[in-house]
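*Asks:* Before I ask anything, here is the structure I am working with.
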Amino acid sequence: MILWCVIGVMAVLLTVRGQPLLQGSCNFEQGTCGYSSDPAYGNWTMNEEGRFIAVDSGRAVLESPDLELLDWTCLRLVYQITGSGSLHLHLRPEDENFDYALWSSSMPSDSWVIASVDLRNTTSSYKILMEGGPGSGAGNSVAIFEIHIVPGYCIECNFEEHHLCGYSNQWNPNVNWYVGGNIARDPQSNLPDDHTMNNDRGHYMYVNSIYAKKFQEVAKLSSPMTTTPMVGCLAFYYQRDQERGNLFSVFTKDQLGHYEEIWRPEVYATSHWKLVQVDIKAPHPLEVVFEVAFNSPRGGFVALDDISFSPEFCDTETEPTFDPTIANCDFEEGFCRYYQERAEGSVWSRVSVKPNVYRIGDHTSGTGFFLMANTRFTSRPGYVGRLHGPILPENLRYCLRFHYALHGFRKVDNALAVYVYDDNNVAQEKVWSLSDASRDIWIEVDITYQKPMPTKVVFVSICKNFWDCGLVALDDVTVNVGDCRVAAGMARSLPGQCDFEFGNCGYTQVKKGDMGDWLRIRGHTPTSYTGPKGDHTTGVGYYMYLEASHMLTGHSARLLSSELRGSAVPQCLLFYYHMYGSGTGQLSLFLWREEGGHHPRESLLWRRQGEQSISWMLGMVDYTCEDRHQIVFEAIRGPSIRSDIAIDDVVFKKGPCADPGDSTPYSGFSENFNEIEY
């Protein structure tokens, strides 16, 4: 028998039994198969003897030919990082400005390693980019040995490939998963023939108990981590021989290491290959883990073969995946599915605030609607205001996110709390209560919870007396299935989005001609009566701003995006800007386009002049540019030091923008409104 841990990946075959290799596959034996180095970066170099392509210094991007793989496929990459370095995989869709990050690694190894990446079904062609960046110094390199693209999902495997589809055994000194089949046949063995070919020439995985020495010796076989959420039917075949006891279970494991058992057998032993089908509803990437525990050396064996996956549920009666967006609401069009109990009256009111320099508007756009408890219509002592959300199904892990803001100078201890109620209107748990008493800033809260019964979220505001009725506002409630930490990680990987929480996202200062700098900061800007109190994303995070006190009137600072490819399709640019202060100057957006190596041609896309609001305001710009280009945020200092200008939450996406929103390209501000509309 052959132990999987020591199987040499160098033995990978390009011929995959039963699975045709698709366009984009390459073993670099006869050339690069249409792959080429992006001339804007360094070069990938073919090894003189073939068999791999490598980069030894600098940064190099290997670009695939155009791929028209419309169905779901799996890309398996055989690579090696020697010394220090990194390898990133990106997908470049047709007609989009940005590349989508698929996978990355910076772990060095002394042998070839396999990565498995799911390529979702699509309606248009795309390219695959492989960005290699060895560390500086001698002896560092990044090499690619083979690219496999095969039909289906990466968790599927018949174990006929020598690299076993990226499945890995968790090493145990006594019990492990082995490759079974013709290379492991023992005349005395009671192991079965392979299921795929129904003879002794095929391969499967098995684990037996003959070397088990302790109670509950465990062997784990793990699939590669998917790079996309998985919803559908997982199927596999198994045989099980139980003499004195083994436990066989199948789990899913998320990126945080949480295990969830999805199946265990109902019978002790099988004399033939038995089909198992189990439904999976995972709104996040996962691994499938096959685990066998033995109680003694006479615990028998378990064999596994032909793992497959279908996007259709196994059982026609399986309820479709629940869509939690029924609980989302930005209150722009009403209360959505949120409601108040009639007996308690309308404690929560839907309001909007016109742009002004005294009171913040809503979180969504700065000019829209939000909910407020204890407004002038309900400022009576001794009441409880409950805002009920829609009923959500049981046994799912939910991520609840919302933004709240506090106003006024009264006590706020009981201004807001969040409870989980069951469908009988009984409170099950208080999942959050107010701890940050910052005023006039939208603070983000995220809560992960799971209950065994149908539940709803209830926002509660309590007013005990006149001095204990702090004004509290609520906006942008969202609910997702899954842990908030996983959802946040997936959001950070989206292209063209920057909230400045983890750096500048490739934005750079334009030094030539600038007399100031854009700075990344959190909290309030140093100068009073200008600038935001916190960022737009969470209220406590980072944003970019122009510090006016270090500049003279008319001085400017420009922030330049990374280069965008250009597209014939309209593009939508969304961003939030903050222009508060009596001396506020000007914020402009330009499109820069290179022309023959000379100074870039500049086109004005959007502009605001003077003080706009104490709120973060949403800006929207539609534009089309077929050439390579960059976007420039230019801030100009006004007549006084109260001229701090800030931006946050910049998003590029395929256009046109869904909502006209802030559609006026150029405007000034001449009135200070302080009106609340109900």
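Chains: A, B, ... in order of the structure tokens. Residues: from 1 per chain. Ligands: from 1, in order shown.
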Name the residues in contact with range 560-567 of chain A at a cut-off of 6 Å, using only C-alpha atoms, excluding same-chain residues fewer than 4 positions from it; report them as number ranges by chain.
*Replies:* A: 95, 97, 506-508, 625-632
*Asks:* Would you pick out the contacts of Phe145 in chain A at 9 Å or less, using only C-alpha atoms, so that residues sharing its chain but fewer than 6 positions from it are not included, and give the list as a ChimeraX atom specification?
*Replies:* /A:10,26-28,51-54,77-80,112
*Asks:* Please write the residues from the selection above to a file, keeping N, CA, C and O atoms, as a PDB file, in the first residue's frame.
*Replies:*
ATOM      1  N   MET A  10       5.227  15.115  -8.328  1.00  0.00           N
ATOM      2  CA  MET A  10       5.902  15.169  -9.616  1.00  0.00           C
ATOM      3  C   MET A  10       5.354  14.130 -10.587  1.00  0.00           C
ATOM      4  O   MET A  10       5.562  14.209 -11.787  1.00  0.00           O
ATOM      5  N   CYS A  26      -2.264  23.040 -19.216  1.00  0.00           N
ATOM      6  CA  CYS A  26      -0.905  23.063 -19.774  1.00  0.00           C
ATOM      7  C   CYS A  26       0.062  22.342 -18.848  1.00  0.00           C
ATOM      8  O   CYS A  26      -0.015  22.509 -17.619  1.00  0.00           O
ATOM      9  N   ASN A  27       0.984  21.529 -19.456  1.00  0.00           N
ATOM     10  CA  ASN A  27       2.045  20.915 -18.661  1.00  0.00           C
ATOM     11  C   ASN A  27       3.420  21.465 -19.029  1.00  0.00           C
ATOM     12  O   ASN A  27       4.434  20.979 -18.532  1.00  0.00           O
ATOM     13  N   PHE A  28       3.444  22.487 -19.908  1.00  0.00           N
ATOM     14  CA  PHE A  28       4.680  23.186 -20.276  1.00  0.00           C
ATOM     15  C   PHE A  28       5.746  22.247 -20.841  1.00  0.00           C
ATOM     16  O   PHE A  28       6.936  22.518 -20.740  1.00  0.00           O
ATOM     17  N   ARG A  51       8.813  21.313 -18.686  1.00  0.00           N
ATOM     18  CA  ARG A  51       8.126  20.788 -17.508  1.00  0.00           C
ATOM     19  C   ARG A  51       7.718  21.842 -16.495  1.00  0.00           C
ATOM     20  O   ARG A  51       6.885  21.573 -15.659  1.00  0.00           O
ATOM     21  N   PHE A  52       8.269  23.050 -16.529  1.00  0.00           N
ATOM     22  CA  PHE A  52       7.737  24.088 -15.655  1.00  0.00           C
ATOM     23  C   PHE A  52       8.166  25.467 -16.142  1.00  0.00           C
ATOM     24  O   PHE A  52       9.067  25.616 -16.966  1.00  0.00           O
ATOM     25  N   ILE A  53       7.491  26.492 -15.608  1.00  0.00           N
ATOM     26  CA  ILE A  53       7.759  27.880 -15.939  1.00  0.00           C
ATOM     27  C   ILE A  53       7.941  28.616 -14.618  1.00  0.00           C
ATOM     28  O   ILE A  53       7.272  28.297 -13.626  1.00  0.00           O
ATOM     29  N   ALA A  54       8.877  29.567 -14.560  1.00  0.00           N
ATOM     30  CA  ALA A  54       9.234  30.145 -13.263  1.00  0.00           C
ATOM     31  C   ALA A  54       9.573  31.624 -13.394  1.00  0.00           C
ATOM     32  O   ALA A  54       9.859  32.135 -14.483  1.00  0.00           O
ATOM     33  N   LEU A  77      -3.765  23.665  -9.831  1.00  0.00           N
ATOM     34  CA  LEU A  77      -2.475  24.282 -10.116  1.00  0.00           C
ATOM     35  C   LEU A  77      -1.400  23.561  -9.317  1.00  0.00           C
ATOM     36  O   LEU A  77      -1.497  23.446  -8.091  1.00  0.00           O
ATOM     37  N   VAL A  78      -0.389  23.045 -10.008  1.00  0.00           N
ATOM     38  CA  VAL A  78       0.746  22.408  -9.344  1.00  0.00           C
ATOM     39  C   VAL A  78       1.890  23.419  -9.361  1.00  0.00           C
ATOM     40  O   VAL A  78       2.345  23.839 -10.430  1.00  0.00           O
ATOM     41  N   TYR A  79       2.340  23.848  -8.186  1.00  0.00           N
ATOM     42  CA  TYR A  79       3.281  24.967  -8.095  1.00  0.00           C
ATOM     43  C   TYR A  79       4.272  24.736  -6.962  1.00  0.00           C
ATOM     44  O   TYR A  79       4.123  23.826  -6.139  1.00  0.00           O
ATOM     45  N   GLN A  80       5.265  25.618  -6.889  1.00  0.00           N
ATOM     46  CA  GLN A  80       6.216  25.587  -5.781  1.00  0.00           C
ATOM     47  C   GLN A  80       6.733  26.990  -5.518  1.00  0.00           C
ATOM     48  O   GLN A  80       7.105  27.717  -6.450  1.00  0.00           O
ATOM     49  N   TRP A 112       6.626  20.143  -4.871  1.00  0.00           N
ATOM     50  CA  TRP A 112       5.462  20.689  -5.553  1.00  0.00           C
ATOM     51  C   TRP A 112       4.213  20.569  -4.684  1.00  0.00           C
ATOM     52  O   TRP A 112       4.043  19.622  -3.934  1.00  0.00           O
TER      53      TRP A 112
END
*Asks:* Set the distance at 12 Å and use only C-alpha atoms: which residues neighbour Lys511 in chain A once local chain neighbours fewer than 2 positions away are removed? I'd like the list as a list of chain:residue names.
*Replies:*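 Selected residues are A:Thr508, A:Gln509, A:Gly513, A:Asp514, A:Met515, A:Gly516, A:Asp517, A:Trp518, A:Ser556, A:Ala557, A:Arg558, A:Leu559, A:Leu560.
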*Asks:* Report as a list in words: the residues of range 102-275 of chain A with a DSSP assignment of helix (DSSP H, G or I), based on the backbone of this structure.
*Replies:* Leu164, Cys165, Gly166, Asn182, Ile183 and Ala184 of chain A
*Asks:* Using only C-alpha atoms, please write the residues we just selected to a file, as an mmCIF file, in the first residue's frame.
*Replies:*
data_model
loop_
_atom_site.group_PDB
_atom_site.id
_atom_site.type_symbol
_atom_site.label_atom_id
_atom_site.label_comp_id
_atom_site.auth_asym_id
_atom_site.auth_seq_id
_atom_site.Cartn_x
_atom_site.Cartn_y
_atom_site.Cartn_z
ATOM 1 C CA LEU A 164 -5.877 12.693 -5.807
ATOM 2 C CA CYS A 165 -7.658 15.941 -6.811
ATOM 3 C CA GLY A 166 -5.966 17.835 -3.991
ATOM 4 C CA ASN A 182 -4.223 -2.443 -8.191
ATOM 5 C CA ILE A 183 -1.052 -0.915 -6.721
ATOM 6 C CA ALA A 184 -2.076 -1.939 -3.247
#
*Asks:* Give me, as a short mmCIF file (atom, residue, chain, number, x, y, z; two decimals) with all heavy atoms, in the first residue's frame, all polymer residues having an atom no more than 12 Å from range 502-505 of chain A, counting only C-alpha atoms and skipping those fewer than 3 positions away in the same chain.
*Replies:*
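Saved as part_18.cif:
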data_model
loop_
_atom_site.label_atom_id
_atom_site.label_comp_id
_atom_site.auth_asym_id
_atom_site.auth_seq_id
_atom_site.Cartn_x
_atom_site.Cartn_y
_atom_site.Cartn_z
N GLY A 489 -14.60 38.44 5.52
CA GLY A 489 -13.45 38.02 4.71
C GLY A 489 -13.80 37.92 3.25
O GLY A 489 -13.00 38.30 2.38
N ARG A 492 -14.04 41.42 1.70
CA ARG A 492 -12.75 42.07 1.47
C ARG A 492 -12.09 41.62 0.19
O ARG A 492 -11.23 42.31 -0.36
CB ARG A 492 -11.81 41.80 2.66
CG ARG A 492 -12.11 42.63 3.89
CD ARG A 492 -10.90 42.68 4.80
NE ARG A 492 -10.55 41.40 5.34
CZ ARG A 492 -11.07 40.89 6.46
NH1 ARG A 492 -11.96 41.58 7.13
NH2 ARG A 492 -10.70 39.71 6.90
N SER A 493 -12.48 40.45 -0.34
CA SER A 493 -11.83 39.93 -1.54
C SER A 493 -12.47 40.45 -2.83
O SER A 493 -11.99 40.15 -3.91
CB SER A 493 -11.89 38.39 -1.54
OG SER A 493 -13.23 37.95 -1.68
N LEU A 494 -13.55 41.23 -2.72
CA LEU A 494 -14.22 41.73 -3.92
C LEU A 494 -13.36 42.79 -4.58
O LEU A 494 -12.80 43.66 -3.92
CB LEU A 494 -15.59 42.30 -3.56
CG LEU A 494 -16.62 41.29 -3.04
CD1 LEU A 494 -17.88 42.00 -2.60
CD2 LEU A 494 -16.94 40.26 -4.11
N PRO A 495 -13.26 42.74 -5.92
CA PRO A 495 -12.39 43.70 -6.61
C PRO A 495 -13.02 45.08 -6.70
O PRO A 495 -14.24 45.22 -6.65
CB PRO A 495 -12.26 43.07 -8.01
CG PRO A 495 -13.55 42.36 -8.21
CD PRO A 495 -13.93 41.83 -6.84
N GLY A 496 -12.19 46.09 -6.83
CA GLY A 496 -12.69 47.44 -7.05
C GLY A 496 -13.32 48.08 -5.85
O GLY A 496 -13.94 49.14 -5.96
N GLN A 497 -13.20 47.46 -4.67
CA GLN A 497 -13.79 48.03 -3.46
C GLN A 497 -12.70 48.37 -2.46
O GLN A 497 -11.78 47.57 -2.25
CB GLN A 497 -14.78 47.05 -2.83
CG GLN A 497 -15.93 46.69 -3.74
CD GLN A 497 -17.04 45.95 -3.01
OE1 GLN A 497 -17.05 45.87 -1.79
NE2 GLN A 497 -17.99 45.43 -3.76
N CYS A 498 -12.81 49.52 -1.85
CA CYS A 498 -11.81 49.92 -0.85
C CYS A 498 -12.47 50.69 0.28
O CYS A 498 -13.11 51.72 0.03
CB CYS A 498 -10.70 50.76 -1.48
SG CYS A 498 -9.34 51.08 -0.32
N ASP A 499 -12.34 50.18 1.50
CA ASP A 499 -12.82 50.90 2.67
C ASP A 499 -11.66 51.42 3.52
O ASP A 499 -11.87 51.97 4.59
CB ASP A 499 -13.74 50.02 3.52
CG ASP A 499 -13.06 48.73 3.98
OD1 ASP A 499 -11.83 48.62 3.88
OD2 ASP A 499 -13.78 47.82 4.44
N THR A 508 -2.37 55.92 -4.65
CA THR A 508 -1.07 56.57 -4.41
C THR A 508 -1.21 58.08 -4.52
O THR A 508 -2.13 58.60 -5.15
CB THR A 508 -0.02 56.09 -5.43
OG1 THR A 508 -0.53 56.31 -6.76
CG2 THR A 508 0.29 54.61 -5.25
N GLN A 509 -0.26 58.78 -3.89
CA GLN A 509 -0.23 60.24 -3.97
C GLN A 509 0.40 60.68 -5.28
O GLN A 509 1.36 60.08 -5.76
CB GLN A 509 0.61 60.80 -2.81
CG GLN A 509 0.20 60.33 -1.44
CD GLN A 509 -0.98 61.12 -0.88
OE1 GLN A 509 -1.33 62.17 -1.39
NE2 GLN A 509 -1.57 60.61 0.18
N TRP A 518 -2.90 63.37 0.97
CA TRP A 518 -4.02 62.60 1.50
C TRP A 518 -3.46 61.69 2.59
O TRP A 518 -2.44 61.02 2.40
CB TRP A 518 -4.65 61.75 0.41
CG TRP A 518 -5.50 62.52 -0.56
CD1 TRP A 518 -5.10 63.11 -1.71
CD2 TRP A 518 -6.91 62.75 -0.46
NE1 TRP A 518 -6.16 63.71 -2.35
CE2 TRP A 518 -7.29 63.49 -1.60
CE3 TRP A 518 -7.88 62.41 0.47
CZ2 TRP A 518 -8.61 63.90 -1.82
CZ3 TRP A 518 -9.19 62.81 0.25
CH2 TRP A 518 -9.55 63.55 -0.88
N LEU A 519 -4.11 61.68 3.75
CA LEU A 519 -3.65 60.90 4.89
C LEU A 519 -4.71 59.86 5.26
O LEU A 519 -5.91 60.12 5.16
CB LEU A 519 -3.39 61.81 6.10
CG LEU A 519 -2.42 62.97 5.87
CD1 LEU A 519 -2.38 63.88 7.10
CD2 LEU A 519 -1.03 62.46 5.54
N ARG A 520 -4.25 58.69 5.68
CA ARG A 520 -5.15 57.63 6.17
C ARG A 520 -5.23 57.76 7.68
O ARG A 520 -4.21 57.75 8.38
CB ARG A 520 -4.62 56.26 5.75
CG ARG A 520 -5.47 55.09 6.21
CD ARG A 520 -4.98 53.79 5.56
NE ARG A 520 -5.56 52.62 6.18
CZ ARG A 520 -4.99 51.91 7.15
NH1 ARG A 520 -3.79 52.26 7.60
NH2 ARG A 520 -5.60 50.86 7.67
N ILE A 521 -6.44 57.86 8.21
CA ILE A 521 -6.61 58.16 9.64
C ILE A 521 -7.87 57.48 10.13
O ILE A 521 -8.75 57.11 9.35
CB ILE A 521 -6.71 59.71 9.84
CG1 ILE A 521 -6.64 60.09 11.31
CG2 ILE A 521 -7.98 60.24 9.20
CD1 ILE A 521 -6.70 61.61 11.55
N ARG A 522 -7.97 57.33 11.44
CA ARG A 522 -9.22 56.89 12.07
C ARG A 522 -9.56 57.90 13.16
O ARG A 522 -8.69 58.58 13.70
CB ARG A 522 -9.10 55.48 12.63
CG ARG A 522 -8.18 55.34 13.81
CD ARG A 522 -7.86 53.89 14.13
NE ARG A 522 -9.05 53.08 14.34
CZ ARG A 522 -9.01 51.78 14.58
NH1 ARG A 522 -7.83 51.15 14.61
NH2 ARG A 522 -10.11 51.09 14.77
N GLY A 541 -13.43 53.03 12.00
CA GLY A 541 -12.38 52.55 11.11
C GLY A 541 -11.60 53.69 10.46
O GLY A 541 -11.58 54.82 10.94
N TYR A 542 -11.00 53.36 9.32
CA TYR A 542 -10.10 54.29 8.63
C TYR A 542 -10.77 54.93 7.42
O TYR A 542 -11.68 54.36 6.82
CB TYR A 542 -8.84 53.55 8.16
CG TYR A 542 -7.90 53.16 9.27
CD1 TYR A 542 -8.05 51.93 9.93
CD2 TYR A 542 -6.88 54.01 9.67
CE1 TYR A 542 -7.19 51.56 10.95
CE2 TYR A 542 -6.01 53.65 10.70
CZ TYR A 542 -6.17 52.43 11.33
OH TYR A 542 -5.31 52.08 12.35
N TYR A 543 -10.27 56.11 7.07
CA TYR A 543 -10.68 56.80 5.85
C TYR A 543 -9.50 57.65 5.37
O TYR A 543 -8.47 57.77 6.06
CB TYR A 543 -11.91 57.68 6.10
CG TYR A 543 -11.75 58.72 7.20
CD1 TYR A 543 -11.34 60.02 6.90
CD2 TYR A 543 -12.00 58.40 8.53
CE1 TYR A 543 -11.19 60.98 7.90
CE2 TYR A 543 -11.85 59.34 9.54
CZ TYR A 543 -11.44 60.63 9.22
OH TYR A 543 -11.29 61.56 10.21
N MET A 544 -9.62 58.25 4.18
CA MET A 544 -8.58 59.13 3.64
C MET A 544 -9.08 60.57 3.72
O MET A 544 -10.26 60.85 3.45
CB MET A 544 -8.28 58.77 2.18
CG MET A 544 -7.75 57.37 1.97
SD MET A 544 -6.13 57.06 2.69
CE MET A 544 -5.08 58.05 1.62
N TYR A 545 -8.17 61.50 4.10
CA TYR A 545 -8.61 62.89 4.18
C TYR A 545 -7.45 63.83 3.87
O TYR A 545 -6.27 63.47 3.91
CB TYR A 545 -9.19 63.18 5.57
CG TYR A 545 -8.19 63.64 6.60
CD1 TYR A 545 -8.15 64.97 7.02
CD2 TYR A 545 -7.26 62.76 7.15
CE1 TYR A 545 -7.23 65.40 7.98
CE2 TYR A 545 -6.36 63.17 8.10
CZ TYR A 545 -6.34 64.50 8.51
OH TYR A 545 -5.43 64.92 9.44
N LEU A 559 -5.12 62.05 -5.19
CA LEU A 559 -5.03 60.64 -4.85
C LEU A 559 -5.38 59.84 -6.10
O LEU A 559 -6.47 60.01 -6.66
CB LEU A 559 -5.99 60.29 -3.70
CG LEU A 559 -5.86 58.91 -3.08
CD1 LEU A 559 -4.52 58.78 -2.35
CD2 LEU A 559 -7.01 58.64 -2.11
N LEU A 560 -4.46 58.99 -6.53
CA LEU A 560 -4.55 58.32 -7.82
C LEU A 560 -4.86 56.84 -7.62
O LEU A 560 -4.20 56.14 -6.85
CB LEU A 560 -3.23 58.49 -8.57
CG LEU A 560 -3.11 57.99 -10.00
CD1 LEU A 560 -4.03 58.77 -10.92
CD2 LEU A 560 -1.66 58.11 -10.48
N SER A 561 -5.88 56.34 -8.33
CA SER A 561 -6.23 54.91 -8.26
C SER A 561 -5.18 54.09 -8.99
O SER A 561 -4.36 54.62 -9.76
CB SER A 561 -7.60 54.67 -8.90
OG SER A 561 -7.51 54.73 -10.31
N SER A 562 -5.20 52.78 -8.79
CA SER A 562 -4.39 51.88 -9.62
C SER A 562 -4.92 51.94 -11.05
O SER A 562 -6.02 52.43 -11.31
CB SER A 562 -4.43 50.46 -9.07
OG SER A 562 -5.78 50.02 -8.98
N GLU A 563 -4.14 51.41 -11.99
CA GLU A 563 -4.55 51.50 -13.39
C GLU A 563 -5.72 50.57 -13.66
O GLU A 563 -5.75 49.42 -13.24
CB GLU A 563 -3.37 51.13 -14.29
CG GLU A 563 -3.66 51.38 -15.77
CD GLU A 563 -2.45 51.11 -16.65
OE1 GLU A 563 -2.09 49.93 -16.80
OE2 GLU A 563 -1.87 52.08 -17.19
N ILE A 647 -12.72 61.07 2.05
CA ILE A 647 -13.42 60.09 1.23
C ILE A 647 -13.33 58.72 1.90
O ILE A 647 -12.41 58.46 2.67
CB ILE A 647 -12.86 60.01 -0.21
CG1 ILE A 647 -11.40 59.55 -0.20
CG2 ILE A 647 -13.04 61.32 -0.94
CD1 ILE A 647 -10.85 59.21 -1.58
N ASP A 648 -14.28 57.84 1.58
CA ASP A 648 -14.29 56.49 2.14
C ASP A 648 -15.16 55.60 1.26
O ASP A 648 -15.96 56.08 0.44
CB ASP A 648 -14.84 56.51 3.57
CG ASP A 648 -14.46 55.27 4.37
OD1 ASP A 648 -13.65 54.46 3.87
OD2 ASP A 648 -14.97 55.11 5.49
N ASP A 649 -15.00 54.29 1.42
CA ASP A 649 -15.85 53.28 0.78
C ASP A 649 -16.01 53.51 -0.72
O ASP A 649 -17.12 53.73 -1.23
CB ASP A 649 -17.23 53.24 1.47
CG ASP A 649 -17.13 52.72 2.89
OD1 ASP A 649 -16.13 52.05 3.20
OD2 ASP A 649 -18.04 52.99 3.70
N VAL A 650 -14.89 53.45 -1.42
CA VAL A 650 -14.88 53.63 -2.87
C VAL A 650 -15.18 52.29 -3.54
O VAL A 650 -14.56 51.28 -3.22
CB VAL A 650 -13.51 54.17 -3.34
CG1 VAL A 650 -13.53 54.42 -4.85
CG2 VAL A 650 -13.14 55.45 -2.59
N VAL A 651 -16.13 52.29 -4.47
CA VAL A 651 -16.54 51.05 -5.14
C VAL A 651 -16.63 51.29 -6.65
O VAL A 651 -17.34 52.20 -7.09
CB VAL A 651 -17.92 50.55 -4.63
CG1 VAL A 651 -18.35 49.31 -5.41
CG2 VAL A 651 -17.86 50.26 -3.14
#
*Asks:* Where in range 423-600 of chain A does DSSP assign strand (DSSP E or B), given as a PyMOL selection string?
*Replies:* chain A and resi 427-433+439+443-449+455-463+471-481+497-498+508-509+518-522+542-546+556-560+564+567-579+586-593
*Asks:* Using Å and a single decimal, report how far CA of Val302 in chain A sits from CA of Ala212 in chain A.
*Replies:*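 Going from CA of Ala212 in chain A over to CA of Val302 in chain A, I get 13.7 Å.
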*Asks:* Mind checking which residues fall within 10 Å of Ser435 in chain A, counting only C-alpha atoms, ignoring those fewer than 6 positions away in the same chain, and posting them as a list of chain:residue names?
*Replies:*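 Close residues of Ser435 in chain A: A:Val412, A:Asp413, A:Leu416, A:Ala417.
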*Asks:* With C-alpha atoms retained, export the selected residues as an mmCIF file, in the first residue's frame.
*Replies:*
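Once everything was written out, this is again-v8.cif:
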data_model
loop_
_atom_site.group_PDB
_atom_site.id
_atom_site.type_symbol
_atom_site.label_atom_id
_atom_site.label_comp_id
_atom_site.auth_asym_id
_atom_site.auth_seq_id
_atom_site.Cartn_x
_atom_site.Cartn_y
_atom_site.Cartn_z
ATOM 1 C CA VAL A 412 -28.447 56.625 26.615
ATOM 2 C CA ASP A 413 -27.986 53.536 28.820
ATOM 3 C CA LEU A 416 -30.913 50.530 22.260
ATOM 4 C CA ALA A 417 -30.584 46.784 22.768
#
*Asks:* What lies within 10 Å of Lys220 in chain A using only C-alpha atoms, ignoring chain neighbours under 5 positions off, as a ChimeraX atom specification?
*Replies:* /A:168-172,175-177,207,249-250,289-293
*Asks:* Could you dump the residues just selected with C-alpha atoms as a tab-separated table (two decimals), in the first residue's frame?
*Replies:*
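Wrote it out as out04.tsv, contents follow:
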chain	number	residue	atom	x	y	z
A	168	SER	CA	-5.10	15.37	1.77
A	169	ASN	CA	-4.65	12.99	4.66
A	170	GLN	CA	-4.13	14.37	8.16
A	171	TRP	CA	-1.08	12.45	9.30
A	172	ASN	CA	-1.53	10.08	12.22
A	175	VAL	CA	-4.12	5.16	11.14
A	176	ASN	CA	-4.20	7.00	7.81
A	177	TRP	CA	-6.05	7.08	4.52
A	207	VAL	CA	-8.40	3.33	5.95
A	249	SER	CA	-18.72	10.46	9.80
A	250	VAL	CA	-18.68	13.21	7.18
A	289	VAL	CA	-13.87	15.97	5.81
A	290	PHE	CA	-14.27	12.16	5.88
A	291	GLU	CA	-13.41	10.95	9.38
A	292	VAL	CA	-13.03	7.39	10.68
A	293	ALA	CA	-12.32	6.52	14.31
*Asks:* Do a neighbour search on range 445-461 of chain A at 7 Å with only C-alpha atoms, toss out local chain neighbours closer than 4 positions, and write the hits as an NGL selection string.
*Replies:* :A and (373 or 384-403 or 414-423 or 483-484)
*Asks:* Between CA of Trp273 in chain A and CA of Leu221 in chain A, measure the distance and give it in Å to one decimal.
*Replies:*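 Spanning CA of Trp273 in chain A to CA of Leu221 in chain A is a straight-line distance of 18.5 Å.
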*Asks:* With distances taken over only C-alpha atoms, which residue among A:Val179, A:Ile614, A:Ile326, A:Val276 lies nearest Trp263 in chain A?
*Replies:*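 Closest to Trp263 in chain A of all the choices is A:Val276.
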*Asks:* I need the residue nearest Ala40 in chain A from this list: A:Ala646, A:Ile144, A:Leu22, A:Leu62. Use only C-alpha atoms for the distance.
*Replies:*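 Of A:Ala646, A:Ile144, A:Leu22, A:Leu62, the one nearest Ala40 in chain A is A:Leu62, counting only C-alpha atoms.
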*Asks:* Quote the spacing between CA of Glu547 in chain A and CA of Glu611 in chain A in Å to one decimal place.
*Replies:*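 Computing the Euclidean distance for CA of Glu547 in chain A and CA of Glu611 in chain A yields 15.3 Å.
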*Asks:* Using only C-alpha atoms, which of the listed residues (A:Glu266, A:Asp305, A:Asp362, A:Asp56) sits closest to Asn140 in chain A?
*Replies:*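 Smallest separation from Asn140 in chain A among the options: A:Asp56.
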